[in-house]
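Everything below belongs to start15.pdb, which stores PDB, C-alpha atoms and all ligand atoms.
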ATOM      1  CA  MET A   1     -53.440  -7.268  85.849
ATOM      2  CA  LYS A   2     -54.316  -9.806  83.141
ATOM      3  CA  THR A   3     -52.362 -10.197  79.923
ATOM      4  CA  SER A   4     -52.833 -12.309  76.815
ATOM      5  CA  PHE A   5     -50.749 -12.601  73.668
ATOM      6  CA  GLU A   6     -51.821 -13.290  70.119
ATOM      7  CA  PHE A   7     -49.791 -15.300  67.600
ATOM      8  CA  PHE A   8     -50.244 -16.258  63.978
ATOM      9  CA  PRO A   9     -49.620 -19.935  63.178
ATOM     10  CA  PRO A  10     -46.115 -20.370  61.763
ATOM     11  CA  ARG A  11     -45.781 -22.245  58.487
ATOM     12  CA  THR A  12     -42.066 -23.059  58.410
ATOM     13  CA  ASP A  13     -39.867 -25.036  60.794
ATOM     14  CA  LYS A  14     -37.868 -21.906  61.531
ATOM     15  CA  GLY A  15     -41.080 -20.004  62.316
ATOM     16  CA  LYS A  16     -42.167 -22.812  64.655
ATOM     17  CA  GLN A  17     -38.841 -22.736  66.498
ATOM     18  CA  THR A  18     -39.006 -18.966  66.867
ATOM     19  CA  LEU A  19     -42.543 -19.102  68.208
ATOM     20  CA  ALA A  20     -41.673 -21.877  70.679
ATOM     21  CA  GLN A  21     -38.975 -19.586  72.115
ATOM     22  CA  VAL A  22     -41.327 -16.575  72.187
ATOM     23  CA  ARG A  23     -44.001 -18.610  73.999
ATOM     24  CA  GLN A  24     -41.485 -19.701  76.585
ATOM     25  CA  GLU A  25     -40.288 -16.130  77.187
ATOM     26  CA  LEU A  26     -43.812 -14.726  77.440
ATOM     27  CA  SER A  27     -44.915 -17.532  79.787
ATOM     28  CA  ALA A  28     -42.642 -15.984  82.420
ATOM     29  CA  ILE A  29     -45.259 -13.344  83.271
ATOM     30  CA  ASN A  30     -48.116 -15.882  83.612
ATOM     31  CA  PRO A  31     -50.404 -14.698  80.840
ATOM     32  CA  GLU A  32     -54.062 -15.577  81.060
ATOM     33  CA  TYR A  33     -53.943 -17.207  77.605
ATOM     34  CA  PHE A  34     -52.189 -17.362  74.226
ATOM     35  CA  SER A  35     -54.465 -16.940  71.225
ATOM     36  CA  VAL A  36     -53.779 -18.138  67.681
ATOM     37  CA  THR A  37     -55.277 -16.534  64.578
ATOM     38  CA  PHE A  38     -57.231 -18.450  61.967
ATOM     39  CA  GLY A  39     -57.338 -17.661  58.252
ATOM     40  CA  ALA A  40     -60.819 -17.403  56.793
ATOM     41  CA  GLY A  41     -61.169 -19.642  53.760
ATOM     42  CA  GLY A  42     -58.766 -22.329  54.891
ATOM     43  CA  SER A  43     -55.261 -20.967  54.302
ATOM     44  CA  THR A  44     -53.885 -21.455  57.831
ATOM     45  CA  GLN A  45     -56.590 -23.517  59.493
ATOM     46  CA  ASP A  46     -54.636 -26.738  60.060
ATOM     47  CA  ALA A  47     -51.683 -24.729  61.337
ATOM     48  CA  THR A  48     -53.969 -23.019  63.862
ATOM     49  CA  LEU A  49     -55.113 -26.370  65.220
ATOM     50  CA  GLU A  50     -51.548 -27.681  65.393
ATOM     51  CA  THR A  51     -50.242 -24.558  67.195
ATOM     52  CA  VAL A  52     -53.120 -24.461  69.643
ATOM     53  CA  LEU A  53     -52.759 -28.126  70.595
ATOM     54  CA  ASP A  54     -49.037 -27.610  71.116
ATOM     55  CA  ILE A  55     -49.616 -24.593  73.404
ATOM     56  CA  GLN A  56     -52.305 -26.376  75.385
ATOM     57  CA  ALA A  57     -50.134 -29.463  75.882
ATOM     58  CA  ASN A  58     -46.779 -27.816  76.578
ATOM     59  CA  ASP A  59     -46.889 -24.193  77.743
ATOM     60  CA  GLY A  60     -48.773 -24.253  81.018
ATOM     61  CA  VAL A  61     -50.828 -21.390  79.531
ATOM     62  CA  SER A  62     -54.379 -21.821  78.188
ATOM     63  CA  ALA A  63     -54.704 -21.765  74.430
ATOM     64  CA  ALA A  64     -57.472 -19.808  72.711
ATOM     65  CA  PRO A  65     -57.976 -20.551  69.034
ATOM     66  CA  HIS A  66     -59.530 -17.860  66.862
ATOM     67  CA  LEU A  67     -62.394 -19.196  64.807
ATOM     68  CA  SER A  68     -63.839 -17.311  61.849
ATOM     69  CA  CYS A  69     -67.024 -18.426  60.174
ATOM     70  CA  ILE A  70     -67.373 -16.739  56.804
ATOM     71  CA  GLY A  71     -67.144 -19.315  54.021
ATOM     72  CA  SER A  72     -67.504 -22.236  56.459
ATOM     73  CA  GLU A  73     -70.031 -25.017  56.743
ATOM     74  CA  LYS A  74     -71.539 -25.946  60.107
ATOM     75  CA  ALA A  75     -70.170 -29.499  59.893
ATOM     76  CA  LYS A  76     -66.591 -28.249  59.530
ATOM     77  CA  ILE A  77     -66.987 -25.869  62.493
ATOM     78  CA  ILE A  78     -68.374 -28.696  64.646
ATOM     79  CA  GLU A  79     -65.477 -30.962  63.692
ATOM     80  CA  LEU A  80     -63.000 -28.321  64.805
ATOM     81  CA  LEU A  81     -64.840 -27.436  68.017
ATOM     82  CA  ASP A  82     -65.042 -31.117  68.948
ATOM     83  CA  GLN A  83     -61.269 -31.371  68.566
ATOM     84  CA  TYR A  84     -60.789 -28.323  70.782
ATOM     85  CA  LYS A  85     -63.164 -29.657  73.382
ATOM     86  CA  ALA A  86     -61.420 -33.039  73.404
ATOM     87  CA  ALA A  87     -58.115 -31.215  74.035
ATOM     88  CA  ASP A  88     -59.658 -29.416  77.024
ATOM     89  CA  ILE A  89     -59.588 -26.069  75.288
ATOM     90  CA  ASN A  90     -62.343 -23.879  76.668
ATOM     91  CA  ARG A  91     -61.684 -20.424  75.314
ATOM     92  CA  LEU A  92     -62.328 -19.094  71.794
ATOM     93  CA  VAL A  93     -61.943 -15.825  69.922
ATOM     94  CA  THR A  94     -64.985 -15.927  67.659
ATOM     95  CA  LEU A  95     -65.071 -13.903  64.450
ATOM     96  CA  ARG A  96     -66.744 -13.487  61.125
ATOM     97  CA  GLY A  97     -63.431 -13.140  59.265
ATOM     98  CA  ASP A  98     -63.067 -11.709  55.783
ATOM     99  CA  ILE A  99     -64.039 -13.639  52.722
ATOM    100  CA  PRO A 100     -60.935 -14.318  50.610
ATOM    101  CA  SER A 101     -61.014 -12.858  47.094
ATOM    102  CA  GLY A 102     -62.284 -15.399  44.597
ATOM    103  CA  VAL A 103     -64.435 -17.220  47.161
ATOM    104  CA  ARG A 104     -68.118 -16.899  46.386
ATOM    105  CA  ASP A 105     -69.864 -19.085  48.922
ATOM    106  CA  ILE A 106     -70.321 -17.236  52.219
ATOM    107  CA  GLY A 107     -71.202 -20.520  53.931
ATOM    108  CA  ASP A 108     -73.587 -21.118  56.814
ATOM    109  CA  PHE A 109     -72.872 -17.967  58.844
ATOM    110  CA  ARG A 110     -73.007 -14.367  57.672
ATOM    111  CA  TYR A 111     -71.928 -12.539  60.813
ATOM    112  CA  ALA A 112     -70.068 -13.357  64.012
ATOM    113  CA  ASN A 113     -73.199 -13.114  66.208
ATOM    114  CA  GLU A 114     -74.628 -16.117  64.309
ATOM    115  CA  LEU A 115     -71.510 -18.145  65.086
ATOM    116  CA  VAL A 116     -71.631 -17.156  68.772
ATOM    117  CA  GLU A 117     -75.277 -18.209  68.972
ATOM    118  CA  PHE A 118     -74.509 -21.507  67.274
ATOM    119  CA  ILE A 119     -71.594 -22.340  69.598
ATOM    120  CA  LYS A 120     -73.666 -21.492  72.687
ATOM    121  CA  SER A 121     -76.528 -23.682  71.496
ATOM    122  CA  GLU A 122     -74.289 -26.645  70.610
ATOM    123  CA  TYR A 123     -71.764 -26.486  73.463
ATOM    124  CA  ASN A 124     -73.664 -24.661  76.227
ATOM    125  CA  ASN A 125     -71.085 -22.926  78.391
ATOM    126  CA  HIS A 126     -68.090 -25.112  77.597
ATOM    127  CA  PHE A 127     -66.345 -22.282  75.703
ATOM    128  CA  HIS A 128     -65.612 -18.829  77.083
ATOM    129  CA  ILE A 129     -66.238 -16.704  73.990
ATOM    130  CA  GLU A 130     -64.387 -13.499  73.133
ATOM    131  CA  VAL A 131     -65.574 -11.400  70.190
ATOM    132  CA  ALA A 132     -64.046  -8.464  68.305
ATOM    133  CA  ALA A 133     -64.841  -4.822  69.067
ATOM    134  CA  TYR A 134     -63.948  -1.742  67.021
ATOM    135  CA  PRO A 135     -63.501   1.512  68.983
ATOM    136  CA  GLU A 136     -62.804   3.353  65.699
ATOM    137  CA  MET A 137     -65.522   1.427  63.772
ATOM    138  CA  HIS A 138     -65.215  -1.660  61.610
ATOM    139  CA  PRO A 139     -64.171  -0.520  58.114
ATOM    140  CA  GLN A 140     -67.237  -2.032  56.410
ATOM    141  CA  ALA A 141     -69.781  -0.718  58.902
ATOM    142  CA  LYS A 142     -72.497   1.657  57.676
ATOM    143  CA  ASN A 143     -71.915   4.003  60.598
ATOM    144  CA  ILE A 144     -70.530   3.931  64.113
ATOM    145  CA  GLN A 145     -73.945   3.526  65.766
ATOM    146  CA  THR A 146     -75.027   0.483  63.739
ATOM    147  CA  ASP A 147     -71.578  -1.012  64.267
ATOM    148  CA  LEU A 148     -72.025  -0.639  68.028
ATOM    149  CA  GLU A 149     -75.465  -2.256  67.784
ATOM    150  CA  HIS A 150     -73.963  -5.146  65.817
ATOM    151  CA  PHE A 151     -71.340  -5.486  68.536
ATOM    152  CA  ALA A 152     -74.125  -5.578  71.127
ATOM    153  CA  ASN A 153     -75.810  -8.376  69.148
ATOM    154  CA  LYS A 154     -72.716 -10.544  69.650
ATOM    155  CA  ILE A 155     -72.900 -10.046  73.408
ATOM    156  CA  LYS A 156     -76.644 -10.723  73.425
ATOM    157  CA  ALA A 157     -75.930 -13.918  71.469
ATOM    158  CA  GLY A 158     -73.828 -15.102  74.420
ATOM    159  CA  ALA A 159     -70.284 -13.741  74.059
ATOM    160  CA  ASP A 160     -68.553 -13.477  77.429
ATOM    161  CA  ALA A 161     -66.046 -10.749  76.632
ATOM    162  CA  ALA A 162     -64.480  -8.722  73.827
ATOM    163  CA  ILE A 163     -61.060  -7.760  72.507
ATOM    164  CA  THR A 164     -60.722  -4.551  70.551
ATOM    165  CA  GLN A 165     -59.033  -3.847  67.281
ATOM    166  CA  TYR A 166     -55.854  -1.923  68.051
ATOM    167  CA  PHE A 167     -55.981   1.845  68.405
ATOM    168  CA  TYR A 168     -53.620   4.641  69.373
ATOM    169  CA  ASN A 169     -56.344   7.064  70.518
ATOM    170  CA  ALA A 170     -57.233   6.170  74.098
ATOM    171  CA  ASP A 171     -60.345   8.373  73.873
ATOM    172  CA  ALA A 172     -61.756   6.146  71.140
ATOM    173  CA  TYR A 173     -61.593   3.209  73.547
ATOM    174  CA  PHE A 174     -63.095   5.116  76.485
ATOM    175  CA  ARG A 175     -65.949   6.426  74.335
ATOM    176  CA  PHE A 176     -66.640   2.946  72.976
ATOM    177  CA  ARG A 177     -66.627   1.461  76.485
ATOM    178  CA  ASP A 178     -69.016   4.174  77.718
ATOM    179  CA  ASP A 179     -71.359   3.787  74.720
ATOM    180  CA  ALA A 180     -71.396   0.019  75.184
ATOM    181  CA  GLN A 181     -72.229   0.449  78.867
ATOM    182  CA  LYS A 182     -75.134   2.721  77.929
ATOM    183  CA  LEU A 183     -76.499  -0.151  75.827
ATOM    184  CA  GLY A 184     -76.356  -2.355  78.910
ATOM    185  CA  ILE A 185     -73.197  -4.215  77.915
ATOM    186  CA  ASP A 186     -71.308  -5.184  81.021
ATOM    187  CA  VAL A 187     -68.805  -7.754  79.713
ATOM    188  CA  PRO A 188     -65.076  -6.955  79.875
ATOM    189  CA  ILE A 189     -63.785  -5.139  76.774
ATOM    190  CA  THR A 190     -60.047  -5.781  76.659
ATOM    191  CA  PRO A 191     -57.979  -3.361  74.595
ATOM    192  CA  GLY A 192     -55.973  -4.954  71.795
ATOM    193  CA  ILE A 193     -52.463  -3.504  71.888
ATOM    194  CA  MET A 194     -50.329  -3.330  68.750
ATOM    195  CA  PRO A 195     -46.655  -2.633  69.482
ATOM    196  CA  ILE A 196     -44.944  -0.398  66.927
ATOM    197  CA  THR A 197     -41.887  -1.942  65.287
ATOM    198  CA  ASN A 198     -42.232  -1.140  61.608
ATOM    199  CA  HIS A 199     -43.520   1.831  59.624
ATOM    200  CA  THR A 200     -44.618   0.317  56.295
ATOM    201  CA  GLN A 201     -46.278  -2.762  57.740
ATOM    202  CA  LEU A 202     -48.175  -0.790  60.374
ATOM    203  CA  VAL A 203     -49.500   1.650  57.761
ATOM    204  CA  ARG A 204     -50.611  -1.252  55.555
ATOM    205  CA  PHE A 205     -52.364  -3.072  58.430
ATOM    206  CA  SER A 206     -53.984   0.111  59.667
ATOM    207  CA  ASN A 207     -55.358   0.945  56.225
ATOM    208  CA  MET A 208     -56.871  -2.530  56.009
ATOM    209  CA  CYS A 209     -58.423  -2.694  59.451
ATOM    210  CA  GLY A 210     -59.461   0.944  59.840
ATOM    211  CA  ALA A 211     -57.213   1.783  62.824
ATOM    212  CA  GLU A 212     -56.029   5.383  62.797
ATOM    213  CA  ILE A 213     -52.371   6.238  63.270
ATOM    214  CA  PRO A 214     -52.384   9.807  64.629
ATOM    215  CA  LYS A 215     -50.338  12.216  62.517
ATOM    216  CA  TRP A 216     -47.906  13.036  65.309
ATOM    217  CA  ILE A 217     -47.025   9.341  65.486
ATOM    218  CA  LEU A 218     -47.018   8.753  61.739
ATOM    219  CA  GLU A 219     -44.640  11.645  61.032
ATOM    220  CA  ARG A 220     -42.100  10.279  63.504
ATOM    221  CA  LEU A 221     -42.400   6.776  62.066
ATOM    222  CA  LYS A 222     -41.574   8.250  58.660
ATOM    223  CA  LEU A 223     -38.630  10.107  60.158
ATOM    224  CA  TYR A 224     -37.245   6.909  61.710
ATOM    225  CA  GLU A 225     -37.964   4.791  58.617
ATOM    226  CA  ASN A 226     -34.269   3.856  58.246
ATOM    227  CA  ASP A 227     -33.372   3.927  61.926
ATOM    228  CA  LEU A 228     -34.998   0.876  63.456
ATOM    229  CA  ASP A 229     -33.592   1.455  66.952
ATOM    230  CA  SER A 230     -35.076   4.949  67.193
ATOM    231  CA  LEU A 231     -38.352   3.749  65.690
ATOM    232  CA  THR A 232     -38.653   0.897  68.193
ATOM    233  CA  ALA A 233     -37.695   3.107  71.139
ATOM    234  CA  PHE A 234     -40.247   5.733  70.106
ATOM    235  CA  GLY A 235     -42.932   3.120  69.406
ATOM    236  CA  THR A 236     -42.388   1.394  72.737
ATOM    237  CA  GLU A 237     -42.671   4.679  74.605
ATOM    238  CA  VAL A 238     -45.891   5.618  72.767
ATOM    239  CA  VAL A 239     -47.532   2.236  73.335
ATOM    240  CA  SER A 240     -46.394   2.063  76.978
ATOM    241  CA  ASN A 241     -47.904   5.498  77.591
ATOM    242  CA  LEU A 242     -51.130   4.403  75.909
ATOM    243  CA  CYS A 243     -51.319   1.336  78.156
ATOM    244  CA  GLN A 244     -50.614   3.436  81.242
ATOM    245  CA  THR A 245     -53.409   5.848  80.295
ATOM    246  CA  LEU A 246     -55.773   2.891  79.913
ATOM    247  CA  LYS A 247     -54.647   1.425  83.219
ATOM    248  CA  ASP A 248     -55.149   4.773  84.981
ATOM    249  CA  GLN A 249     -58.768   4.664  83.775
ATOM    250  CA  GLY A 250     -59.467   1.237  85.221
ATOM    251  CA  VAL A 251     -58.355  -1.134  82.457
ATOM    252  CA  ASP A 252     -57.016  -4.307  84.057
ATOM    253  CA  SER A 253     -56.601  -6.614  81.073
ATOM    254  CA  PHE A 254     -54.456  -6.196  77.929
ATOM    255  CA  HIS A 255     -54.292  -8.312  74.765
ATOM    256  CA  PHE A 256     -51.042  -7.958  72.815
ATOM    257  CA  TYR A 257     -50.798  -8.478  69.061
ATOM    258  CA  SER A 258     -47.311  -9.906  69.499
ATOM    259  CA  MET A 259     -46.577 -10.596  65.807
ATOM    260  CA  ASN A 260     -44.790 -13.725  67.089
ATOM    261  CA  ARG A 261     -42.136 -11.591  68.805
ATOM    262  CA  THR A 262     -41.294 -11.369  72.479
ATOM    263  CA  GLU A 263     -40.340  -7.726  72.358
ATOM    264  CA  PRO A 264     -41.539  -5.088  72.726
ATOM    265  CA  SER A 265     -44.769  -6.731  74.004
ATOM    266  CA  LEU A 266     -43.047  -8.266  77.019
ATOM    267  CA  SER A 267     -41.401  -5.018  78.176
ATOM    268  CA  ILE A 268     -44.642  -3.083  77.736
ATOM    269  CA  ALA A 269     -46.595  -5.750  79.623
ATOM    270  CA  LYS A 270     -44.036  -5.923  82.440
ATOM    271  CA  ASN A 271     -44.362  -2.179  83.018
ATOM    272  CA  LEU A 272     -48.056  -2.708  83.695
ATOM    273  CA  LEU A 273     -47.782  -5.532  86.207
TER     274      LEU A 273
HETATM  275  C1  LIG A 301     -59.224  -9.321  68.348
HETATM  276  C2  LIG A 301     -59.370  -9.629  66.866
HETATM  277  C3  LIG A 301     -58.919 -10.845  66.386
HETATM  278  C4  LIG A 301     -59.058 -11.154  65.031
HETATM  279  N1  LIG A 301     -58.596 -12.381  64.577
HETATM  280  C5  LIG A 301     -58.808 -12.738  63.305
HETATM  281  C6  LIG A 301     -58.436 -14.040  62.822
HETATM  282  O1  LIG A 301     -57.880 -14.864  63.557
HETATM  283  N2  LIG A 301     -58.698 -14.356  61.535
HETATM  284  C7  LIG A 301     -59.324 -13.476  60.694
HETATM  285  O2  LIG A 301     -59.552 -13.843  59.533
HETATM  286  N3  LIG A 301     -59.664 -12.235  61.091
HETATM  287  C8  LIG A 301     -59.422 -11.845  62.371
HETATM  288  N4  LIG A 301     -59.809 -10.595  62.793
HETATM  289  C9  LIG A 301     -60.384  -9.658  61.819
HETATM  290  C10 LIG A 301     -61.903  -9.852  61.640
HETATM  291  O3  LIG A 301     -62.180 -11.137  61.164
HETATM  292  C11 LIG A 301     -62.376  -8.796  60.639
HETATM  293  O4  LIG A 301     -62.302  -7.516  61.220
HETATM  294  C12 LIG A 301     -63.745  -9.045  60.034
HETATM  295  O5  LIG A 301     -63.912  -8.133  58.936
HETATM  296  C13 LIG A 301     -64.911  -8.813  60.980
HETATM  297  O6  LIG A 301     -65.029  -9.807  61.904
HETATM  298  P1  LIG A 301     -66.056  -9.637  63.142
HETATM  299  O7  LIG A 301     -66.052 -10.884  63.874
HETATM  300  O8  LIG A 301     -65.792  -8.375  63.845
HETATM  301  O9  LIG A 301     -67.411  -9.502  62.289
HETATM  302  P2  LIG A 301     -68.891  -9.068  62.669
HETATM  303  O10 LIG A 301     -69.056  -8.772  64.095
HETATM  304  O11 LIG A 301     -69.773 -10.079  62.031
HETATM  305  O12 LIG A 301     -69.033  -7.673  61.888
HETATM  306  C14 LIG A 301     -68.560  -7.528  60.555
HETATM  307  C15 LIG A 301     -69.218  -6.312  59.903
HETATM  308  O13 LIG A 301     -70.584  -6.606  59.637
HETATM  309  C16 LIG A 301     -71.435  -5.675  60.273
HETATM  310  N5  LIG A 301     -72.604  -6.429  60.723
HETATM  311  C17 LIG A 301     -72.700  -7.274  61.762
HETATM  312  N6  LIG A 301     -73.947  -7.803  61.852
HETATM  313  C18 LIG A 301     -74.652  -7.288  60.815
HETATM  314  C19 LIG A 301     -75.989  -7.428  60.328
HETATM  315  N7  LIG A 301     -76.857  -8.240  60.947
HETATM  316  N8  LIG A 301     -76.357  -6.741  59.224
HETATM  317  C20 LIG A 301     -75.472  -5.913  58.584
HETATM  318  N9  LIG A 301     -74.194  -5.728  58.991
HETATM  319  C21 LIG A 301     -73.792  -6.413  60.091
HETATM  320  C22 LIG A 301     -70.615  -5.061  61.403
HETATM  321  O14 LIG A 301     -71.056  -3.754  61.741
HETATM  322  C23 LIG A 301     -69.229  -5.036  60.758
HETATM  323  O15 LIG A 301     -69.083  -3.951  59.893
HETATM  324  C24 LIG A 301     -59.643 -10.218  64.129
HETATM  325  C25 LIG A 301     -60.071  -8.975  64.624
HETATM  326  C26 LIG A 301     -59.940  -8.668  65.967
HETATM  327  C27 LIG A 301     -60.393  -7.317  66.491
END

How does the structure come out when it is put into structure tokens?
Amino acid sequence: MKTSFEFFPPRTDKGKQTLAQVRQELSAINPEYFSVTFGAGGSTQDATLETVLDIQANDGVSAAPHLSCIGSEKAKIIELLDQYKAADINRLVTLRGDIPSGVRDIGDFRYANELVEFIKSEYNNHFHIEVAAYPEMHPQAKNIQTDLEHFANKIKAGADAAITQYFYNADAYFRFRDDAQKLGIDVPITPGIMPITNHTQLVRFSNMCGAEIPKWILERLKLYENDLDSLTAFGTEVVSNLCQTLKDQGVDSFHFYSMNRTEPSLSIAKNLL
């Protein structure tokens, strides 16, 4: 069973200390890699580089920087990729990203497939490239079929694997995996797993990224709004069951959106090993 954990780059000293501890605790189960998000438009880009270099040098776990292209110039992307290559980093999560409000220039790349193609042409097979997949459709897509075709374009451009947006409907993942297979896509599609620890934040994220929270889950999250222990216990059970269902259907790799916390990702992951 393969696991990976995603972090956002901390901005404060306290955040850095917390993440260092989390990385150490998660290293205990030998994850395949730790990935670090990257803010389109520049907000957290230096912090991503700093965090990734620290992981690569100190954790004994491979680091995988996320790299988004919207609003970026080719020269800036090359500068960053050269730094990653020099640090022996050979895995990337490659994305379009979202253009920050107020930014007009979309830069040299419009969609993630163009970035994948560019990296493959400039760096051959140095980087193992993961791209994003959306079992419940990307929120800006015209329809689910064109979104799937756009996903296929990223694989045709040279992506080696994919990580999905989080979901709580296992059937959405299975259907997406089947539909992708019918298009001839045979790369691994790792489910992205979002642990449930907070009602308001999860609803906000889900509205933004188009992930559905089923009503039977949502109603209980509302019920436990002021009872964090019950909410976390319920959320951990739901997400563990989801992972088990995926595992029972042949999934052997899980990517956790850890939110820079050890738990409940670690407990959920341990149950799967
Ligand atoms: C695992 C994962 C990690 C992520 N990490 C980050 C991160 O670190 N930083 C960050 O800013 N965001 C991150 N995101 C969010 C992501 O950047 C957004 O979802 C973004 O809106 C789309 O990125 P993408 O790479 O999927 O884009 P794309 O694959 O380019 O698709 C974007 C949209 O454009 C459509 N499209 C694609 N090609 C075409 C075309 N030729 N013509 C018309 N429409 C087209 C697609 O259907 C889709 O609706 C992450 C998402 C996931 C699932």

Next item on the list: Do a neighbour search on region 199-204 of chain A at 12 Å with all atoms listed in the file, toss out local chain neighbours closer than 2 positions, and write the hits as JSON, numbers by chain.
Entry: {"A": [166, 167, 168, 194, 195, 196, 197, 206, 207, 208, 209, 210, 211, 212, 213, 214, 215, 217, 218, 219, 220, 221, 222, 223, 224, 225, 226, 227, 228, 230, 231, 232, 234, 235, 257, 259]}

With ligand LIG 301 (chain A) as the partner and 9 Å as the cut-off, tabulate the residues of chain A that qualify, each row holding the nearest pair of atoms and their distance in Å to one decimal, using all atoms listed in the file, sorted by chain and rising number, as a Markdown table.
| residue | atom | partner | partner_atom | distance |
| --- | --- | --- | --- | --- |
| A:Glu6 | CA | A:LIG301 | C3 | 8.4 |
| A:Phe8 | CA | A:LIG301 | O1 | 7.8 |
| A:Ser35 | CA | A:LIG301 | O1 | 8.6 |
| A:Val36 | CA | A:LIG301 | O1 | 6.7 |
| A:Thr37 | CA | A:LIG301 | O1 | 3.3 |
| A:Phe38 | CA | A:LIG301 | O1 | 4.0 |
| A:Gly39 | CA | A:LIG301 | O2 | 4.6 |
| A:Ala40 | CA | A:LIG301 | O2 | 4.7 |
| A:Gly41 | CA | A:LIG301 | O2 | 8.3 |
| A:Pro65 | CA | A:LIG301 | O1 | 7.9 |
| A:His66 | CA | A:LIG301 | O1 | 4.8 |
| A:Leu67 | CA | A:LIG301 | O1 | 6.4 |
| A:Ser68 | CA | A:LIG301 | N2 | 5.9 |
| A:Cys69 | CA | A:LIG301 | O7 | 8.5 |
| A:Ile70 | CA | A:LIG301 | O2 | 8.8 |
| A:Val93 | CA | A:LIG301 | C3 | 6.8 |
| A:Thr94 | CA | A:LIG301 | O7 | 6.4 |
| A:Leu95 | CA | A:LIG301 | O7 | 3.2 |
| A:Arg96 | CA | A:LIG301 | O7 | 3.8 |
| A:Gly97 | CA | A:LIG301 | O3 | 3.0 |
| A:Asp98 | CA | A:LIG301 | O5 | 4.8 |
| A:Ile99 | CA | A:LIG301 | O2 | 8.2 |
| A:Arg110 | CA | A:LIG301 | O11 | 6.9 |
| A:Tyr111 | CA | A:LIG301 | O11 | 3.5 |
| A:Ala112 | CA | A:LIG301 | O11 | 3.8 |
| A:Asn113 | CA | A:LIG301 | O11 | 6.2 |
| A:Glu114 | CA | A:LIG301 | O11 | 8.1 |
| A:Leu115 | CA | A:LIG301 | O11 | 8.8 |
| A:Glu130 | CA | A:LIG301 | C1 | 8.2 |
| A:Val131 | CA | A:LIG301 | O7 | 6.4 |
| A:Ala132 | CA | A:LIG301 | C27 | 4.2 |
| A:Ala133 | CA | A:LIG301 | C27 | 5.7 |
| A:Tyr134 | CA | A:LIG301 | C27 | 6.6 |
| A:Met137 | CA | A:LIG301 | O15 | 7.5 |
| A:His138 | CA | A:LIG301 | O15 | 4.8 |
| A:Pro139 | CA | A:LIG301 | O15 | 6.3 |
| A:Gln140 | CA | A:LIG301 | O15 | 4.4 |
| A:Ala141 | CA | A:LIG301 | O15 | 3.5 |
| A:Lys142 | CA | A:LIG301 | O14 | 6.9 |
| A:Asn143 | CA | A:LIG301 | O14 | 7.9 |
| A:Ile144 | CA | A:LIG301 | O14 | 8.1 |
| A:Gln145 | CA | A:LIG301 | O14 | 8.8 |
| A:Thr146 | CA | A:LIG301 | O14 | 6.1 |
| A:Asp147 | CA | A:LIG301 | O14 | 3.8 |
| A:Leu148 | CA | A:LIG301 | O14 | 7.1 |
| A:Glu149 | CA | A:LIG301 | O14 | 7.6 |
| A:His150 | CA | A:LIG301 | C17 | 4.8 |
| A:Phe151 | CA | A:LIG301 | O10 | 6.0 |
| A:Asn153 | CA | A:LIG301 | N6 | 7.6 |
| A:Lys154 | CA | A:LIG301 | O10 | 6.9 |
| A:Ala162 | CA | A:LIG301 | C1 | 7.6 |
| A:Ile163 | CA | A:LIG301 | C1 | 4.8 |
| A:Thr164 | CA | A:LIG301 | C27 | 4.9 |
| A:Gln165 | CA | A:LIG301 | C27 | 3.8 |
| A:Tyr166 | CA | A:LIG301 | C27 | 7.2 |
| A:Pro191 | CA | A:LIG301 | C1 | 8.7 |
| A:Gly192 | CA | A:LIG301 | C1 | 6.4 |
| A:Cys209 | CA | A:LIG301 | O4 | 6.4 |
| A:His255 | CA | A:LIG301 | C1 | 8.2 |
| A:Tyr257 | CA | A:LIG301 | C1 | 8.5 |

Check: Mind pulling up the distance from CA of Leu26 (chain A) to CA of Ile268 (chain A)?
Finding: 11.7 Å

Next item on the list: Tell me, in Å to one decimal, how far CA of Asn58 (chain A) is from CA of Leu272 (chain A).
Entry: 26.1 Å

Notebook entry, point to check: Hey, can you check how far CA of Gln56 (chain A) sits from CA of Val187 (chain A)?
Noted result: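 Atom-to-atom, CA of Gln56 (chain A) and CA of Val187 (chain A) are spaced 25.3 Å apart.
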
Next item on the list: Could you give me, as a list in words, the residues within 9 Å of Leu19 (chain A), counting all atoms listed in the file and dropping anything in the same chain fewer than 3 positions from it?
Entry: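 Final neighbour list, sorted by chain and number: Phe7, Pro9, Pro10, Lys14, Gly15, Lys16, Val22, Arg23, Gln24, Asn260, Arg261 and Thr262 of chain A.
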
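Compared by their closest atoms to Pro188 (chain A), and using all atoms listed in the file, the residues A:Asn30, A:Leu81, A:Lys2, A:Glu73 rank with A:Lys2 nearest.
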
Margin query: Please determine, counting only C-alpha atoms, which residue among A:Ala57, A:Ala28, A:Ala159, A:Ile77 has the shortest atom-to-atom distance to Leu266 (chain A).
Written below: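 Smallest separation from Leu266 (chain A) among the options: A:Ala28.
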
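Counting all atoms listed in the file and comparing A:Ile155, A:Ile78, A:Leu242, A:Val116, the residue that lies closest to Ala170 (chain A) is A:Leu242.
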
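Nearest residue to Tyr33 (chain A), choosing from A:Gln83, A:Ser62, A:Ser72, A:Gln17 and counting all atoms listed in the file: A:Ser62.
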